[in-house]
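Raw contents of input12.pdb, PDB, C-alpha atoms, pLDDT in the B column:
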ATOM      1  CA  MET P   1     180.556  38.597  17.394  1.00 25.00           C
ATOM      2  CA  THR P   2     181.243  35.790  19.821  1.00 28.00           C
ATOM      3  CA  ILE P   3     184.245  33.495  19.957  1.00 27.00           C
ATOM      4  CA  ALA P   4     183.759  29.941  18.675  1.00 33.00           C
ATOM      5  CA  SER P   5     185.821  27.604  20.841  1.00 38.00           C
ATOM      6  CA  PRO P   6     187.413  24.579  19.128  1.00 39.00           C
ATOM      7  CA  ALA P   7     186.801  22.360  22.155  1.00 47.00           C
ATOM      8  CA  LEU P   8     183.399  21.044  21.052  1.00 53.00           C
ATOM      9  CA  ASN P   9     181.528  20.434  17.798  1.00 50.00           C
ATOM     10  CA  GLY P  10     177.765  21.036  17.697  1.00 45.00           C
ATOM     11  CA  SER P  11     175.062  19.554  15.490  1.00 46.00           C
ATOM     12  CA  LYS P  12     171.315  19.827  15.179  1.00 49.00           C
ATOM     13  CA  HIS P  13     170.540  22.901  17.273  1.00 50.00           C
ATOM     14  CA  GLY P  14     171.735  25.324  14.614  1.00 42.00           C
ATOM     15  CA  SER P  15     173.137  28.801  15.186  1.00 35.00           C
ATOM     16  CA  ALA P  16     170.142  30.919  16.198  1.00 35.00           C
ATOM     17  CA  ALA P  17     170.271  31.554  19.942  1.00 36.00           C
ATOM     18  CA  VAL P  18     167.048  31.555  21.967  1.00 37.00           C
ATOM     19  CA  ALA P  19     167.302  33.018  25.448  1.00 38.00           C
ATOM     20  CA  LEU P  20     166.153  31.461  28.668  1.00 43.00           C
ATOM     21  CA  PRO P  21     163.130  33.304  30.126  1.00 44.00           C
ATOM     22  CA  ALA P  22     164.936  36.048  32.050  1.00 52.00           C
ATOM     23  CA  THR P  23     165.649  38.907  29.638  1.00 62.00           C
ATOM     24  CA  PRO P  24     167.225  38.587  26.186  1.00 67.00           C
ATOM     25  CA  ALA P  25     169.938  41.101  27.102  1.00 76.00           C
ATOM     26  CA  GLU P  26     170.874  39.243  30.268  1.00 83.00           C
ATOM     27  CA  ALA P  27     170.836  35.907  28.470  1.00 85.00           C
ATOM     28  CA  GLY P  28     173.257  37.287  25.908  1.00 88.00           C
ATOM     29  CA  THR P  29     175.532  38.588  28.664  1.00 90.00           C
ATOM     30  CA  VAL P  30     175.615  35.196  30.366  1.00 93.00           C
ATOM     31  CA  ILE P  31     176.396  33.327  27.141  1.00 94.00           C
ATOM     32  CA  GLU P  32     179.179  35.739  26.224  1.00 92.00           C
ATOM     33  CA  ALA P  33     180.638  35.615  29.740  1.00 93.00           C
ATOM     34  CA  VAL P  34     180.696  31.812  29.875  1.00 95.00           C
ATOM     35  CA  ASP P  35     182.160  31.578  26.378  1.00 92.00           C
ATOM     36  CA  LEU P  36     184.929  34.037  27.280  1.00 91.00           C
ATOM     37  CA  LEU P  37     185.752  32.074  30.423  1.00 93.00           C
ATOM     38  CA  ALA P  38     185.965  28.885  28.357  1.00 93.00           C
ATOM     39  CA  HIS P  39     188.656  30.516  26.231  1.00 90.00           C
ATOM     40  CA  TRP P  40     190.641  31.995  29.106  1.00 92.00           C
ATOM     41  CA  TRP P  41     190.805  28.611  30.865  1.00 95.00           C
ATOM     42  CA  SER P  42     191.971  26.812  27.714  1.00 93.00           C
ATOM     43  CA  ARG P  43     195.600  26.178  26.811  1.00 92.00           C
ATOM     44  CA  PRO P  44     197.182  29.545  25.884  1.00 91.00           C
ATOM     45  CA  ILE P  45     198.743  28.707  22.546  1.00 88.00           C
ATOM     46  CA  ALA P  46     199.458  31.634  20.233  1.00 87.00           C
ATOM     47  CA  HIS P  47     196.273  31.255  18.170  1.00 84.00           C
ATOM     48  CA  GLU P  48     194.115  31.023  21.271  1.00 83.00           C
ATOM     49  CA  VAL P  49     195.673  34.090  22.887  1.00 85.00           C
ATOM     50  CA  SER P  50     195.094  36.041  19.687  1.00 83.00           C
ATOM     51  CA  THR P  51     191.362  35.337  19.990  1.00 81.00           C
ATOM     52  CA  TRP P  52     191.438  36.829  23.494  1.00 79.00           C
ATOM     53  CA  LEU P  53     192.796  40.035  22.044  1.00 75.00           C
ATOM     54  CA  ASP P  54     190.215  40.007  19.255  1.00 76.00           C
ATOM     55  CA  ALA P  55     187.489  39.718  21.913  1.00 79.00           C
ATOM     56  CA  ALA P  56     188.596  42.787  23.842  1.00 74.00           C
ATOM     57  CA  LYS P  57     185.504  44.853  23.033  1.00 76.00           C
ATOM     58  CA  ILE P  58     183.154  41.989  23.903  1.00 81.00           C
ATOM     59  CA  GLU P  59     185.024  41.378  27.153  1.00 80.00           C
ATOM     60  CA  ALA P  60     184.894  45.039  28.154  1.00 80.00           C
ATOM     61  CA  ASP P  61     181.170  45.190  27.452  1.00 83.00           C
ATOM     62  CA  VAL P  62     180.443  41.998  29.389  1.00 87.00           C
ATOM     63  CA  ARG P  63     182.655  43.162  32.263  1.00 83.00           C
ATOM     64  CA  SER P  64     180.783  46.456  32.449  1.00 83.00           C
ATOM     65  CA  ARG P  65     177.379  44.756  32.489  1.00 84.00           C
ATOM     66  CA  ILE P  66     178.347  42.193  35.121  1.00 84.00           C
ATOM     67  CA  SER P  67     180.627  44.252  37.336  1.00 74.00           C
ATOM     68  CA  GLY P  68     178.705  47.504  37.148  1.00 67.00           C
ATOM     69  CA  GLY P  69     181.342  49.613  35.451  1.00 59.00           C
ATOM     70  CA  PRO P  70     184.449  49.649  33.253  1.00 52.00           C
ATOM     71  CA  GLU P  71     186.783  50.071  36.203  1.00 51.00           C
ATOM     72  CA  SER P  72     186.818  46.329  36.947  1.00 50.00           C
ATOM     73  CA  ARG P  73     190.292  44.777  36.671  1.00 49.00           C
ATOM     74  CA  ALA P  74     188.823  42.001  34.522  1.00 44.00           C
ATOM     75  CA  GLY P  75     189.679  43.996  31.385  1.00 43.00           C
ATOM     76  CA  GLN P  76     193.372  43.284  31.944  1.00 50.00           C
ATOM     77  CA  LEU P  77     192.747  39.672  31.027  1.00 59.00           C
ATOM     78  CA  ALA P  78     191.869  40.294  27.406  1.00 47.00           C
ATOM     79  CA  THR P  79     192.874  43.777  26.323  1.00 44.00           C
ATOM     80  CA  GLY P  80     196.597  43.923  26.996  1.00 54.00           C
ATOM     81  CA  PRO P  81     199.403  42.141  25.130  1.00 58.00           C
ATOM     82  CA  HIS P  82     200.492  38.885  26.736  1.00 68.00           C
ATOM     83  CA  ASP P  83     203.743  36.951  26.610  1.00 84.00           C
ATOM     84  CA  VAL P  84     202.441  33.714  25.150  1.00 88.00           C
ATOM     85  CA  HIS P  85     205.454  31.733  26.347  1.00 90.00           C
ATOM     86  CA  ALA P  86     205.077  33.001  29.929  1.00 90.00           C
ATOM     87  CA  LEU P  87     201.364  32.211  29.906  1.00 91.00           C
ATOM     88  CA  LEU P  88     201.986  28.736  28.538  1.00 93.00           C
ATOM     89  CA  ASP P  89     204.708  28.021  31.102  1.00 94.00           C
ATOM     90  CA  GLU P  90     202.396  29.120  33.909  1.00 95.00           C
ATOM     91  CA  HIS P  91     199.505  27.121  32.480  1.00 96.00           C
ATOM     92  CA  GLU P  92     201.658  23.989  32.329  1.00 96.00           C
ATOM     93  CA  ARG P  93     202.953  24.524  35.859  1.00 96.00           C
ATOM     94  CA  LEU P  94     199.476  25.076  37.343  1.00 97.00           C
ATOM     95  CA  PHE P  95     197.412  22.591  35.360  1.00 97.00           C
ATOM     96  CA  VAL P  96     199.550  20.015  33.533  1.00 94.00           C
ATOM     97  CA  GLY P  97     202.985  19.279  34.979  1.00 89.00           C
ATOM     98  CA  PRO P  98     205.469  17.593  34.892  1.00 88.00           C
ATOM     99  CA  GLY P  99     205.907  17.211  38.602  1.00 85.00           C
ATOM    100  CA  ARG P 100     203.409  18.350  41.183  1.00 89.00           C
ATOM    101  CA  VAL P 101     200.276  19.853  39.618  1.00 93.00           C
ATOM    102  CA  PRO P 102     198.811  22.346  42.121  1.00 95.00           C
ATOM    103  CA  CYS P 103     195.524  22.991  40.297  1.00 97.00           C
ATOM    104  CA  PRO P 104     194.284  20.062  38.183  1.00 96.00           C
ATOM    105  CA  PRO P 105     191.566  21.561  35.935  1.00 97.00           C
ATOM    106  CA  TYR P 106     189.215  18.569  36.243  1.00 96.00           C
ATOM    107  CA  GLU P 107     185.927  18.265  38.073  1.00 95.00           C
ATOM    108  CA  SER P 108     186.656  14.705  39.238  1.00 93.00           C
ATOM    109  CA  TYR P 109     189.667  15.920  41.204  1.00 93.00           C
ATOM    110  CA  TRP P 110     187.781  18.602  43.129  1.00 92.00           C
ATOM    111  CA  ARG P 111     184.482  16.916  43.896  1.00 90.00           C
ATOM    112  CA  GLU P 112     184.057  16.189  47.607  1.00 80.00           C
ATOM    113  CA  ASP P 113     180.600  14.595  47.463  1.00 76.00           C
ATOM    114  CA  VAL P 114     182.091  11.251  46.379  1.00 68.00           C
ATOM    115  CA  PRO P 115     183.504   8.284  48.325  1.00 68.00           C
ATOM    116  CA  VAL P 116     186.791   9.055  50.041  1.00 71.00           C
ATOM    117  CA  ASP P 117     188.688   6.437  48.050  1.00 62.00           C
ATOM    118  CA  ILE P 118     188.069   8.211  44.733  1.00 68.00           C
ATOM    119  CA  ARG P 119     188.627  11.791  45.839  1.00 72.00           C
ATOM    120  CA  ARG P 120     191.522  13.630  44.191  1.00 71.00           C
ATOM    121  CA  SER P 121     191.397  11.214  41.261  1.00 67.00           C
ATOM    122  CA  LEU P 122     190.379  11.558  37.619  1.00 76.00           C
ATOM    123  CA  MET P 123     187.599   9.957  35.572  1.00 77.00           C
ATOM    124  CA  GLY P 124     185.126   9.908  38.468  1.00 77.00           C
ATOM    125  CA  PRO P 125     181.337   9.474  38.280  1.00 85.00           C
ATOM    126  CA  CYS P 126     180.885  13.047  37.063  1.00 90.00           C
ATOM    127  CA  THR P 127     182.712  12.194  33.839  1.00 91.00           C
ATOM    128  CA  ALA P 128     180.095   9.664  32.790  1.00 92.00           C
ATOM    129  CA  ASP P 129     177.289  12.088  33.632  1.00 94.00           C
ATOM    130  CA  LEU P 130     178.906  14.801  31.538  1.00 95.00           C
ATOM    131  CA  ARG P 131     179.163  12.423  28.602  1.00 93.00           C
ATOM    132  CA  ARG P 132     175.421  11.837  28.981  1.00 95.00           C
ATOM    133  CA  LEU P 133     174.726  15.572  28.989  1.00 96.00           C
ATOM    134  CA  TYR P 134     176.957  16.183  25.986  1.00 95.00           C
ATOM    135  CA  GLY P 135     175.063  13.401  24.233  1.00 93.00           C
ATOM    136  CA  GLU P 136     171.788  15.188  24.933  1.00 94.00           C
ATOM    137  CA  LEU P 137     173.291  18.298  23.359  1.00 94.00           C
ATOM    138  CA  GLU P 138     174.551  16.185  20.439  1.00 91.00           C
ATOM    139  CA  ILE P 139     178.040  17.595  20.779  1.00 89.00           C
ATOM    140  CA  GLU P 140     181.315  15.774  20.988  1.00 81.00           C
ATOM    141  CA  MET P 141     184.876  16.700  21.790  1.00 78.00           C
ATOM    142  CA  THR P 142     187.199  16.973  18.838  1.00 75.00           C
ATOM    143  CA  PRO P 143     189.965  14.348  19.024  1.00 71.00           C
ATOM    144  CA  GLU P 144     192.741  16.934  18.826  1.00 70.00           C
ATOM    145  CA  THR P 145     191.775  18.488  22.160  1.00 69.00           C
ATOM    146  CA  GLY P 146     193.215  15.525  24.035  1.00 74.00           C
ATOM    147  CA  GLU P 147     191.136  16.548  27.079  1.00 84.00           C
ATOM    148  CA  LEU P 148     188.709  14.795  29.398  1.00 90.00           C
ATOM    149  CA  PRO P 149     185.000  15.723  29.411  1.00 93.00           C
ATOM    150  CA  ASP P 150     185.301  17.298  32.866  1.00 94.00           C
ATOM    151  CA  HIS P 151     188.048  19.782  31.947  1.00 96.00           C
ATOM    152  CA  ILE P 152     187.002  23.274  33.000  1.00 96.00           C
ATOM    153  CA  ALA P 153     187.194  24.768  29.490  1.00 95.00           C
ATOM    154  CA  VAL P 154     185.139  21.929  28.018  1.00 95.00           C
ATOM    155  CA  GLU P 155     182.415  22.210  30.663  1.00 96.00           C
ATOM    156  CA  LEU P 156     182.204  25.969  30.214  1.00 97.00           C
ATOM    157  CA  GLU P 157     182.020  25.644  26.430  1.00 95.00           C
ATOM    158  CA  ALA P 158     179.241  23.080  26.772  1.00 96.00           C
ATOM    159  CA  LEU P 159     177.361  25.383  29.156  1.00 97.00           C
ATOM    160  CA  ALA P 160     177.605  28.309  26.719  1.00 96.00           C
ATOM    161  CA  TYR P 161     176.301  26.080  23.939  1.00 95.00           C
ATOM    162  CA  ALA P 162     173.413  24.737  26.034  1.00 96.00           C
ATOM    163  CA  LEU P 163     172.452  28.247  27.150  1.00 95.00           C
ATOM    164  CA  SER P 164     172.045  29.312  23.539  1.00 93.00           C
ATOM    165  CA  PHE P 165     168.868  27.325  22.868  1.00 92.00           C
ATOM    166  CA  GLU P 166     165.559  27.196  24.665  1.00 89.00           C
ATOM    167  CA  GLU P 167     165.212  23.450  24.107  1.00 92.00           C
ATOM    168  CA  THR P 168     168.503  22.772  25.928  1.00 94.00           C
ATOM    169  CA  SER P 169     167.942  25.105  28.883  1.00 92.00           C
ATOM    170  CA  SER P 170     167.388  22.168  31.249  1.00 94.00           C
ATOM    171  CA  VAL P 171     170.726  20.672  30.209  1.00 96.00           C
ATOM    172  CA  ALA P 172     172.382  24.032  30.873  1.00 96.00           C
ATOM    173  CA  GLU P 173     170.952  23.998  34.396  1.00 96.00           C
ATOM    174  CA  GLU P 174     172.277  20.480  34.983  1.00 97.00           C
ATOM    175  CA  ILE P 175     175.759  21.409  33.773  1.00 97.00           C
ATOM    176  CA  PHE P 176     175.789  24.448  36.020  1.00 97.00           C
ATOM    177  CA  PHE P 177     174.122  23.208  39.222  1.00 96.00           C
ATOM    178  CA  ASP P 178     175.116  19.524  39.145  1.00 96.00           C
ATOM    179  CA  HIS P 179     178.648  20.131  37.925  1.00 96.00           C
ATOM    180  CA  LEU P 180     180.311  23.549  37.675  1.00 97.00           C
ATOM    181  CA  ARG P 181     178.866  25.024  40.856  1.00 96.00           C
ATOM    182  CA  LYS P 182     179.975  21.977  42.857  1.00 95.00           C
ATOM    183  CA  TRP P 183     183.676  22.232  42.096  1.00 96.00           C
ATOM    184  CA  LEU P 184     184.719  25.338  40.202  1.00 96.00           C
ATOM    185  CA  PRO P 185     184.958  27.625  43.285  1.00 96.00           C
ATOM    186  CA  ARG P 186     187.532  25.251  44.810  1.00 96.00           C
ATOM    187  CA  LEU P 187     189.661  25.323  41.669  1.00 97.00           C
ATOM    188  CA  CYS P 188     189.421  29.109  41.416  1.00 97.00           C
ATOM    189  CA  ARG P 189     190.527  29.634  45.005  1.00 97.00           C
ATOM    190  CA  ALA P 190     193.447  27.262  44.471  1.00 97.00           C
ATOM    191  CA  VAL P 191     194.501  29.149  41.331  1.00 97.00           C
ATOM    192  CA  VAL P 192     194.322  32.504  43.121  1.00 96.00           C
ATOM    193  CA  HIS P 193     196.575  31.067  45.836  1.00 97.00           C
ATOM    194  CA  GLU P 194     199.037  29.207  43.595  1.00 97.00           C
ATOM    195  CA  ALA P 195     199.372  31.430  40.511  1.00 96.00           C
ATOM    196  CA  GLU P 196     202.518  33.456  40.006  1.00 94.00           C
ATOM    197  CA  LEU P 197     201.303  35.422  36.974  1.00 91.00           C
ATOM    198  CA  PRO P 198     198.675  38.122  37.595  1.00 90.00           C
ATOM    199  CA  PHE P 199     196.660  36.813  34.625  1.00 90.00           C
ATOM    200  CA  TYR P 200     195.749  33.567  36.361  1.00 94.00           C
ATOM    201  CA  ARG P 201     195.237  35.150  39.784  1.00 93.00           C
ATOM    202  CA  ASP P 202     192.833  37.618  38.173  1.00 90.00           C
ATOM    203  CA  LEU P 203     191.166  34.855  36.174  1.00 93.00           C
ATOM    204  CA  GLY P 204     190.438  32.846  39.316  1.00 94.00           C
ATOM    205  CA  ALA P 205     188.868  35.859  41.031  1.00 92.00           C
ATOM    206  CA  LEU P 206     186.977  36.917  37.907  1.00 90.00           C
ATOM    207  CA  THR P 207     185.539  33.429  37.407  1.00 94.00           C
ATOM    208  CA  LEU P 208     184.180  33.413  40.960  1.00 93.00           C
ATOM    209  CA  GLU P 209     182.508  36.782  40.320  1.00 91.00           C
ATOM    210  CA  TRP P 210     181.012  35.740  36.994  1.00 92.00           C
ATOM    211  CA  LEU P 211     179.951  32.350  38.363  1.00 93.00           C
ATOM    212  CA  ALA P 212     177.856  34.144  40.983  1.00 93.00           C
ATOM    213  CA  TYR P 213     176.288  36.240  38.210  1.00 92.00           C
ATOM    214  CA  VAL P 214     175.409  33.127  36.200  1.00 94.00           C
ATOM    215  CA  GLN P 215     173.803  31.584  39.279  1.00 94.00           C
ATOM    216  CA  ARG P 216     171.673  34.688  39.851  1.00 91.00           C
ATOM    217  CA  TYR P 217     170.635  34.532  36.210  1.00 92.00           C
ATOM    218  CA  PHE P 218     169.444  30.938  36.558  1.00 92.00           C
ATOM    219  CA  GLU P 219     167.586  31.783  39.760  1.00 89.00           C
ATOM    220  CA  ARG P 220     165.788  34.720  38.115  1.00 83.00           C
ATOM    221  CA  ALA P 221     164.990  32.613  35.074  1.00 79.00           C
ATOM    222  CA  GLU P 222     163.494  29.941  37.320  1.00 75.00           C
ATOM    223  CA  ALA P 223     161.411  32.533  39.172  1.00 68.00           C
ATOM    224  CA  GLY P 224     160.002  33.833  35.882  1.00 64.00           C
ATOM    225  CA  PRO P 225     159.311  37.288  34.432  1.00 55.00           C
ATOM    226  CA  GLY P 226     158.827  40.068  36.922  1.00 52.00           C
ATOM    227  CA  SER P 227     160.892  38.461  39.651  1.00 52.00           C
ATOM    228  CA  PRO P 228     163.146  40.795  41.673  1.00 50.00           C
ATOM    229  CA  GLY P 229     166.756  41.153  40.495  1.00 47.00           C
TER
END
Would you write out, as structure tokens, the structure that this file holds?
Amino acid sequence: MTIASPALNGSKHGSAAVALPATPAEAGTVIEAVDLLAHWWSRPIAHEVSTWLDAAKIEADVRSRISGGPESRAGQLATGPHDVHALLDEHERLFVGPGRVPCPPYESYWREDVPVDIRRSLMGPCTADLRRLYGELEIEMTPETGELPDHIAVELEALAYALSFEETSSVAEEIFFDHLRKWLPRLCRAVVHEAELPFYRDLGALTLEWLAYVQRYFERAEAGPGSPG
């Protein structure tokens, strides 16, 4: 089973997943990986952390397929018990505040291909474009999330949703290439540098690894069947 994130609500596309034209197995791996990342980057309240533990077998399987073996340290993210209060304190320190926030989890903050006067600010041009893409997917954020459309967990959840249907594959590519790929590596490197808990240092490194895998998947899908891996 996969984890259903509460960040977004879907509508007309239904629940039957149709893979992009790489291989069905690889498509499933990518969707599961992106969905897991969406959870790990969300706020670590007790209920959310419990879903990470429930997903341990999925995570280990995805880790093995992406990393080439079960020895990858990524398994530590989901399979071991976590101190929810310590995770939440670290999450607030890194991503929320009060005080200096070393790693704002928003695309607008990290984009560098924008005018200088709006860099390191929120609600930039990317936010409006994401709203457009979410509209094409016919999904909307639930009011209780209290998050902006360009929050990392929301973008990842939208990507996992878009990847699940053949008719939204072009939207998935836009979310990945026009958004996530343009800013997420900067956030991940900042988290690796700033995090005090191993969980978040590992998550930053793992996300970079899995992001590269997702990019290779898109490139193979674009090349078509029979393309070299």
| request: Just say which residues the PyMOL selection byres ((chain P and resi 193-204) around 8) picks in this file, as a ChimeraX atom specification. | output: /P:40,73-74,76-77,87,90,94,102-103,187-192,205-208
| task | For the structure shown, which residues end up in the PyMOL selection byres ((chain P and resi 45) around 9)? Put them as a PyMOL selection string, please? | result | chain P and resi 42-44+46-50+84-85+87-88
| task | Check the smallest atom-to-atom distance from each of P:Gly28, P:Val34, P:Arg63, P:Glu107 to Leu159 of chain P using all atoms listed in the file, then report the winner. | result | P:Val34
| task | Please check which residues have atoms at most 10 Å from (173.0, 18.7, 32.3) in the file's coordinates, counting only C-alpha atoms, and write them as JSON, numbers by chain. | result | {"P": [129, 130, 131, 132, 133, 134, 135, 136, 137, 158, 159, 162, 168, 169, 170, 171, 172, 173, 174, 175, 176, 177, 178, 179]}
| message | Quick check on the file I pasted: which residues fall under the PyMOL selection byres ((chain P and resi 104) around 12)? Write them as a ChimeraX atom specification. | response | /P:41,91-103,105-111,120-122,148,150-152,183-184,186-188,190-191,194
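Atom pair atom CA of Leu36 of chain P / atom CA of Ala160 of chain P has a distance of 9.3 Å (rounded to one decimal).
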| field | Nearest candidate to Ala25 of chain P (options P:Glu155, P:Asp61, P:Glu140, P:Glu147; using all atoms listed in the file) | value | P:Asp61
| field | For Gln215 of chain P, the nearest of the candidates P:Val154, P:Ala86, P:Val30, P:Val116, counting only C-alpha atoms | value |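 For Gln215 of chain P, the nearest of the given residues is P:Val30.
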| Which value, in Å to one decimal, gives the distance between atom CA of Arg216 of chain P and atom CA of His39 of chain P? | 22.2 Å
| request: Kindly indicate which residue among P:Val62, P:Pro185, P:Lys57, P:Ile139 lies nearest to Ile31 of chain P, using only C-alpha atoms for the distances. | output: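 When distances to Ile31 of chain P are compared using only C-alpha atoms, the smallest one comes from P:Val62.
As for atom CA of Gly124 of chain P and atom CA of Lys182 of chain P, they are spaced 13.8 Å apart.
With all atoms listed in the file as the atoms that count, the minimum distance from Glu209 of chain P to the choices P:Tyr161, P:Ala60, P:Ala33, P:Pro149 is reached by P:Ala33.
In this comparison, which uses all atoms listed in the file, the residue of P:Leu53, P:Met123, P:Ile66, P:Ile58 approaching Val214 of chain P most closely is P:Ile66.
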